[in-house]
Every structure is written in structure tokens, then in C-alpha cells.
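The block underneath contains the structure these notes are about, expressed in C-alpha cells.
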Amino acid sequence: MMSIEKNNENSKHIVVYRIIHPSLIEKLENQGYRVTQFESINSNNIEAFYEAIKTANGIIGSAIKVNQDLLSKAPLLECVSALSVGYDNYDLVTLNDRKIPLMHTANVLNDSMADIMMGLMISVARRIAYCDRHTRNGEWIAQLDKSWFGLEVHHKKVGIIGMGRIGEVLAKRCKMGFDMEVAYHSRRRHSKVEELYDAKYEDLDTILSTSDFICVILPGSQETKHYFSFDQFSKMKKSAIFINGGRGMTVNEIALIDALETGKIFGAGLDVFENEPLNIDSKLLKLENIVLLPHIGTSTTETQYLMAECGVDNLISALNGNLEKNCVNASIIKK
């Protein structure tokens, strides 16, 4: 579906390509913008979307690839506002060439994402999803055997791969809530996490071989593609639990399936996948020692509103020439 507001035709045109709260559409309109909204983009409305962006000065949304082809259809574009932290769906080269700022919703989803990763850690370790399935199937009929048993979470070692904002709040939960030993591997040291949560910076191999939980929060890029593959899983403890809440492309799923099937690791929890939605024929769906979520890490009512609100504020700021906050390519634009 699509709705078009009826403000002054001479005002700047904003195309919204996701459902956001009506109050945020009103906020844009109150700023004098002409707004076209699509609830989502699909084969039924893609041509209407292309027609709309011909006159768009700003676009805001998520879940589609803003690539060179799409950007070529938007000659008047002055700003792109992503309703996400990650920006691997956006063609930064083309945006930079055209001096179009790319805004993203940094910080507003940190707690929500850390919560879902903590939930995956507990669910996999204590076999919560497994026990739920088998209880519903009527298999709780006598004293439970060890196949139902899980592992403790508290006082274990967690290795966080990719220590950014989400990593910081995950480290806080692990240390302060579960008395865990926190280690991390990242491109640079993070003194704040080391001071507040006694986190230790370690090389990747040390983390892989000594951690009880390995939590991945890496962005998607050619540098991180299949960052975890056969070699990395072979170095983990047999009791290790692997959690991915970053990007699906960072994990070779064939290698992960092998590690789970052959007992190289205890279990895994995934909120992201190499191909999304997950194919119904995926072997991951047949494994008992994995918890699978449909990329729902930030999908709470509260966080979705905060992300949309941040995205709208980012768009307004950028169109007013203010790139001080939440601009991915500010250094390029300002040259």
C-alpha cells in the first residue's frame, strides 16, 4: 500500500519505504516535507516506488538493497536514512561519489540486541527450546535422562568477537548479571570495557580455544565473509556454544552444520543467516542443538519505534546540513 501526503508541491520530497508510526510521518510533514509512504517494497509496487524516487530528496527505510541501479533512479537525492545500524545493503561507493550522506540508527538498539544474544546464550546452554519441544510432544513421562540436560551460563567465559556498542552492553550483562569472565577480540582495544567489566583483549585463536561462549557481532563485508569456517570451529571446545547476532555472511553455514553434527561444539544460536529468509530445506532446521531466530534481534515495539524516530531525526538533520551525528560517510561528504 502507498499513501501520499498533500503538502506544498514545491517542498522537498521524502519517500518512506517501511511502516513507521503515524506520528513520525506527521513530524516530517510538520517540517514542511512532502511524504510518500510505502509499507514495504515488493513486485506489486516496485515500479511505483521507482516512480516516486525520481523526485525524492530523501529516502528512509530498510530491507532493500540501495545499490547503484536504485540510486540512478533518484537523481535529486540528497540523503539516505537507514533504519538499521548495519549498512551493508547500501552502495557506499556510489553514495560517496554523489556526496549523498548515509545516516544510520546507531546506539538506539544496543540493549535490545544484547538482550537477544543473552537470550540465545541461555536458551542454547540450558536447552530451553529443546525441552519445550519435547515437553509439548508428550515426552516428559518419567525422570529425565541426560539428553535433556544443559550447561551452566554463570561463571563461564564469554569471548565477544567485534567489540562495538552492542558488545559493550553484552559484556555488561555477562559480567554484572552472570559473573562471567569476559574476553574480546576486535580491530582495536576498548579501554572502557576493560576498566568497567575487567574484559581482556585476546587474539582470536585464544578466544576460540578457551571460551565457553563465542558471541559474534561482526559487520558484513568482504573482510568478514566466512570469518568463521571449518578451521575456526575445529579450534573451539567441545562444550562451546556459538552465537551469531551480527551478519549471516560472517559464518560458513556448511562448516557450522558440520561442527554441530559431529559434536565439535555443544550448540549454537543464530539470529542471522547467509541467506534470509532461511531456506526451508536448510539442514540447520533439522538439528536439535541449535536455536534459530528469524533476524528478530531488534524487533520489539519499543526499539522499532526508537529506530524509526532516530531515522527520521537523522534525515531531517542531514537535509538541514547537519552531519555531526549518525552519518556513516561524513568525512567523505565534508571533503
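Scheme for the C-alpha cells: letters A, B, ... for chains in order shown; per-chain residue numbers from 1; ligand numbers from 1 in order shown.
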
Identify, on the basis of only C-alpha atoms, every residue whose closest approach to A:Gly86 does not exceed 7 Å; exclude the query and any residue fewer than 2 positions from it along the same chain; express the result as a PyMOL selection string.
chain A and resi 84+88+219

Among stretch 111-247 of chain A, which residues does DSSP mark as strand (DSSP E) when it is run on the backbone? Keep the chain and numbering as in the structure and answer as a list of chain:residue names.
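Residues of stretch 111-247 of chain A classed as strand (DSSP E): A:Lys157, A:Val158, A:Gly159, A:Ile160, A:Ile161, A:Glu181, A:Val182, A:Ala183, A:Tyr184, A:His185, A:Lys200, A:Tyr201, A:Phe213, A:Ile214, A:Cys215, A:Val216, A:Ile241, A:Phe242, A:Ile243, A:Asn244.
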
Distance criterion (only C-alpha atoms): nearest to A:Ile128 out of A:Val291, A:Val16, A:Ile241, A:Val216
A:Val291

Please report, as a tab-separated table, each residue of stretch 126-188 of chain A lying at most 12 Å from stretch 268-271 of chain A, together with the nearest pair of atoms and the separation in Å rounded to one decimal; use only C-alpha atoms, and order rows by chain and ascending residue number.
```
residue	atom	partner	partner_atom	distance
A:Arg126	CA	A:Ala268	CA	11.8
A:Arg127	CA	A:Ala268	CA	10.6
A:Ile128	CA	A:Gly269	CA	11.7
A:Ala129	CA	A:Gly269	CA	10.7
```

Using only C-alpha atoms, please write the residues we just selected to a file, as a short mmCIF file (atom, residue, chain, number, x, y, z; two decimals), in the first residue's frame.
```
data_model
loop_
_atom_site.label_atom_id
_atom_site.label_comp_id
_atom_site.auth_asym_id
_atom_site.auth_seq_id
_atom_site.Cartn_x
_atom_site.Cartn_y
_atom_site.Cartn_z
CA ARG A 126 20.03 -24.74 29.16
CA ARG A 127 18.37 -26.40 26.15
CA ILE A 128 15.21 -24.35 26.68
CA ALA A 129 13.88 -24.65 23.12
#
```

List every residue of stretch 30-72 of chain A that DSSP, applied to the backbone, labels as alpha helix (DSSP H), and write the result as a list in words.
Asn30, Ile46, Glu47, Ala48, Phe49, Tyr50, Glu51, Ala52, Ile53, Gln68, Asp69, Leu70, Leu71 and Ser72 of chain A

Residues as selected, all heavy atoms, written as a compact mmCIF listing (two decimals), in the first residue's frame, can you do that?
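Heads up, here's the output in result-v5.txt:
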```
# COMPACT_ATOMS: atom_id res chain seq x y z
N ASN A 30 5.23 18.16 9.33
CA ASN A 30 5.28 19.42 10.08
C ASN A 30 6.55 20.20 9.79
O ASN A 30 6.61 21.41 10.04
CB ASN A 30 5.16 19.15 11.58
CG ASN A 30 3.76 18.72 11.99
OD1 ASN A 30 2.80 18.95 11.25
ND2 ASN A 30 3.64 18.09 13.14
N ILE A 46 6.96 -2.10 -6.94
CA ILE A 46 8.32 -1.66 -7.19
C ILE A 46 8.37 -0.55 -8.25
O ILE A 46 9.16 0.40 -8.12
CB ILE A 46 9.23 -2.86 -7.59
CG1 ILE A 46 10.70 -2.41 -7.66
CG2 ILE A 46 8.77 -3.49 -8.89
CD1 ILE A 46 11.31 -2.06 -6.36
N GLU A 47 7.52 -0.65 -9.27
CA GLU A 47 7.53 0.39 -10.30
C GLU A 47 7.01 1.71 -9.75
O GLU A 47 7.53 2.79 -10.12
CB GLU A 47 6.70 -0.06 -11.51
CG GLU A 47 7.29 -1.25 -12.27
CD GLU A 47 8.70 -0.98 -12.77
OE1 GLU A 47 8.98 0.17 -13.16
OE2 GLU A 47 9.53 -1.93 -12.77
N ALA A 48 6.01 1.65 -8.90
CA ALA A 48 5.50 2.86 -8.25
C ALA A 48 6.56 3.48 -7.35
O ALA A 48 6.70 4.70 -7.26
CB ALA A 48 4.24 2.55 -7.45
N PHE A 49 7.33 2.62 -6.69
CA PHE A 49 8.44 3.09 -5.85
C PHE A 49 9.49 3.79 -6.70
O PHE A 49 9.96 4.89 -6.36
CB PHE A 49 9.04 1.91 -5.09
CG PHE A 49 10.28 2.24 -4.31
CD1 PHE A 49 10.22 3.05 -3.19
CD2 PHE A 49 11.52 1.73 -4.70
CE1 PHE A 49 11.37 3.37 -2.45
CE2 PHE A 49 12.67 2.02 -3.98
CZ PHE A 49 12.59 2.85 -2.87
N TYR A 50 9.87 3.18 -7.82
CA TYR A 50 10.85 3.79 -8.71
C TYR A 50 10.35 5.14 -9.22
O TYR A 50 11.13 6.10 -9.35
CB TYR A 50 11.15 2.88 -9.90
CG TYR A 50 11.97 1.65 -9.57
CD1 TYR A 50 11.88 0.50 -10.36
CD2 TYR A 50 12.83 1.64 -8.48
CE1 TYR A 50 12.64 -0.63 -10.07
CE2 TYR A 50 13.59 0.52 -8.18
CZ TYR A 50 13.49 -0.61 -8.97
OH TYR A 50 14.24 -1.73 -8.68
N GLU A 51 9.06 5.21 -9.52
CA GLU A 51 8.49 6.48 -9.98
C GLU A 51 8.57 7.54 -8.88
O GLU A 51 8.89 8.71 -9.15
CB GLU A 51 7.03 6.27 -10.40
CG GLU A 51 6.36 7.47 -11.02
CD GLU A 51 6.97 7.89 -12.35
OE1 GLU A 51 7.54 7.03 -13.05
OE2 GLU A 51 6.89 9.10 -12.67
N ALA A 52 8.31 7.13 -7.66
CA ALA A 52 8.32 8.07 -6.53
C ALA A 52 9.71 8.63 -6.26
O ALA A 52 9.86 9.82 -5.97
CB ALA A 52 7.77 7.40 -5.28
N ILE A 53 10.74 7.77 -6.36
CA ILE A 53 12.08 8.25 -6.01
C ILE A 53 12.70 9.13 -7.09
O ILE A 53 13.75 9.74 -6.87
CB ILE A 53 13.04 7.09 -5.65
CG1 ILE A 53 13.29 6.16 -6.84
CG2 ILE A 53 12.50 6.32 -4.44
CD1 ILE A 53 14.33 5.08 -6.56
N GLN A 68 23.60 0.80 -6.88
CA GLN A 68 23.83 1.79 -7.92
C GLN A 68 22.61 1.92 -8.84
O GLN A 68 22.24 3.03 -9.24
CB GLN A 68 25.07 1.42 -8.74
CG GLN A 68 25.46 2.46 -9.79
CD GLN A 68 26.73 2.08 -10.52
OE1 GLN A 68 27.10 0.91 -10.59
NE2 GLN A 68 27.43 3.07 -11.06
N ASP A 69 21.98 0.80 -9.16
CA ASP A 69 20.81 0.83 -10.04
C ASP A 69 19.68 1.63 -9.42
O ASP A 69 19.07 2.48 -10.08
CB ASP A 69 20.35 -0.61 -10.34
CG ASP A 69 19.13 -0.63 -11.24
OD1 ASP A 69 19.21 -0.12 -12.37
OD2 ASP A 69 18.08 -1.13 -10.80
N LEU A 70 19.39 1.38 -8.15
CA LEU A 70 18.32 2.12 -7.48
C LEU A 70 18.67 3.60 -7.39
O LEU A 70 17.84 4.48 -7.66
CB LEU A 70 18.06 1.53 -6.09
CG LEU A 70 16.86 2.11 -5.32
CD1 LEU A 70 16.23 1.05 -4.44
CD2 LEU A 70 17.25 3.31 -4.47
N LEU A 71 19.91 3.89 -7.02
CA LEU A 71 20.32 5.29 -6.85
C LEU A 71 20.29 6.05 -8.16
O LEU A 71 20.02 7.27 -8.18
CB LEU A 71 21.72 5.34 -6.24
CG LEU A 71 21.81 4.87 -4.78
CD1 LEU A 71 23.27 4.68 -4.36
CD2 LEU A 71 21.12 5.86 -3.84
N SER A 72 20.51 5.35 -9.27
CA SER A 72 20.46 6.02 -10.58
C SER A 72 19.06 6.50 -10.91
O SER A 72 18.87 7.38 -11.76
CB SER A 72 20.96 5.07 -11.67
OG SER A 72 20.03 4.02 -11.91
```

A:Ile59 surroundings by only C-alpha atoms, 8 Å radius, close-in-sequence under 6 positions cut, as a list of chain:residue names:
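Non-adjacent residues within range: A:Ile14, A:Val15, A:Val16, A:Tyr17, A:Ile53, A:Leu77, A:Cys79, A:Val80, A:Ser81.
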
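The residue that comes closest to A:Gly167, out of A:Glu139, A:Asp111, A:Glu181, A:Glu288 and on the basis of only C-alpha atoms, is A:Asp111.
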
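Nearest to A:Pro75 of all the residues A:His104, A:Lys157, A:Arg98, A:Lys237 is A:Arg98, based on only C-alpha atoms.
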
What's the separation between atom CA of A:Ile41 and atom CA of A:Asn252, in Å to one decimal place?
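Pair atom CA of A:Ile41 / atom CA of A:Asn252 returns 29.1 Å.
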
Would you mind listing what lies within 9 Å of stretch 143-150 of chain A as JSON, numbers by chain, with only C-alpha atoms counted and same-chain residues fewer than 2 positions away left out?
{"A": [124, 125, 126, 127, 128, 130, 131, 140, 141, 152]}

Which is closer to A:Glu202 than all the others in A:Met236, A:Ile161, A:His13, A:Leu170, using only C-alpha atoms?
A:Ile161

Given only C-alpha atoms as the basis, pick out the residue of A:Ile214, A:Leu293, A:Met113, A:Ile25 nearest to A:Leu278.
A:Leu293

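The gap separating atom CA of A:Met307 from atom CA of A:Gly164 is 17.9 Å, in Å to one decimal.
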
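As for atom CA of A:Phe230 and atom CA of A:Lys264, they are spaced 10.2 Å apart.
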
When you look at A:Asn326 with a cut-off of 12 Å (counting only C-alpha atoms), what residues show up, excluding the ones that are within fewer than 6 positions of it in the same chain? I need them as a list in words.
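The residues that qualify are Val80, Ser81, Ala82, Leu83, Ser84, Val85, Gly86, Tyr87, Pro101, Leu102, Met103, His104, Thr105, Ala106, Asn107, Val108, Met307, Cys310, Gly311, Val312, Asp313, Asn314, Leu315, Ser317 and Ala318 of chain A.
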
A:Glu78: which residues within 8 Å, counting only C-alpha atoms, same-chain residues fewer than 4 positions away excluded, as a ChimeraX atom specification?
/A:57-58,100-101,319

Requested write-out: N, CA and C atoms of the selected residues, as a PDB file, in the first residue's frame:
```
ATOM      1  N   ASN A  57      14.039  13.782  -2.521  1.00  0.00           N
ATOM      2  CA  ASN A  57      15.239  14.421  -1.969  1.00  0.00           C
ATOM      3  C   ASN A  57      15.812  13.597  -0.827  1.00  0.00           C
ATOM      4  N   GLY A  58      14.975  12.792  -0.211  1.00  0.00           N
ATOM      5  CA  GLY A  58      15.421  11.907   0.855  1.00  0.00           C
ATOM      6  C   GLY A  58      14.630  10.622   0.840  1.00  0.00           C
ATOM      7  N   ILE A 100      26.266  11.969  -1.204  1.00  0.00           N
ATOM      8  CA  ILE A 100      24.979  11.778  -0.531  1.00  0.00           C
ATOM      9  C   ILE A 100      25.240  11.182   0.848  1.00  0.00           C
ATOM     10  N   PRO A 101      24.871  11.856   1.918  1.00  0.00           N
ATOM     11  CA  PRO A 101      25.098  11.298   3.251  1.00  0.00           C
ATOM     12  C   PRO A 101      24.231  10.066   3.518  1.00  0.00           C
ATOM     13  N   LEU A 319      19.242  16.784   5.868  1.00  0.00           N
ATOM     14  CA  LEU A 319      18.693  17.697   4.867  1.00  0.00           C
ATOM     15  C   LEU A 319      18.899  19.157   5.259  1.00  0.00           C
TER      16      LEU A 319
END
```

Excluding A:Asp91 and any residue of its chain fewer than 2 positions from it, enumerate the residues within 6 Å of it, using only C-alpha atoms, and give them as a PyMOL selection string.
chain A and resi 67+93-94
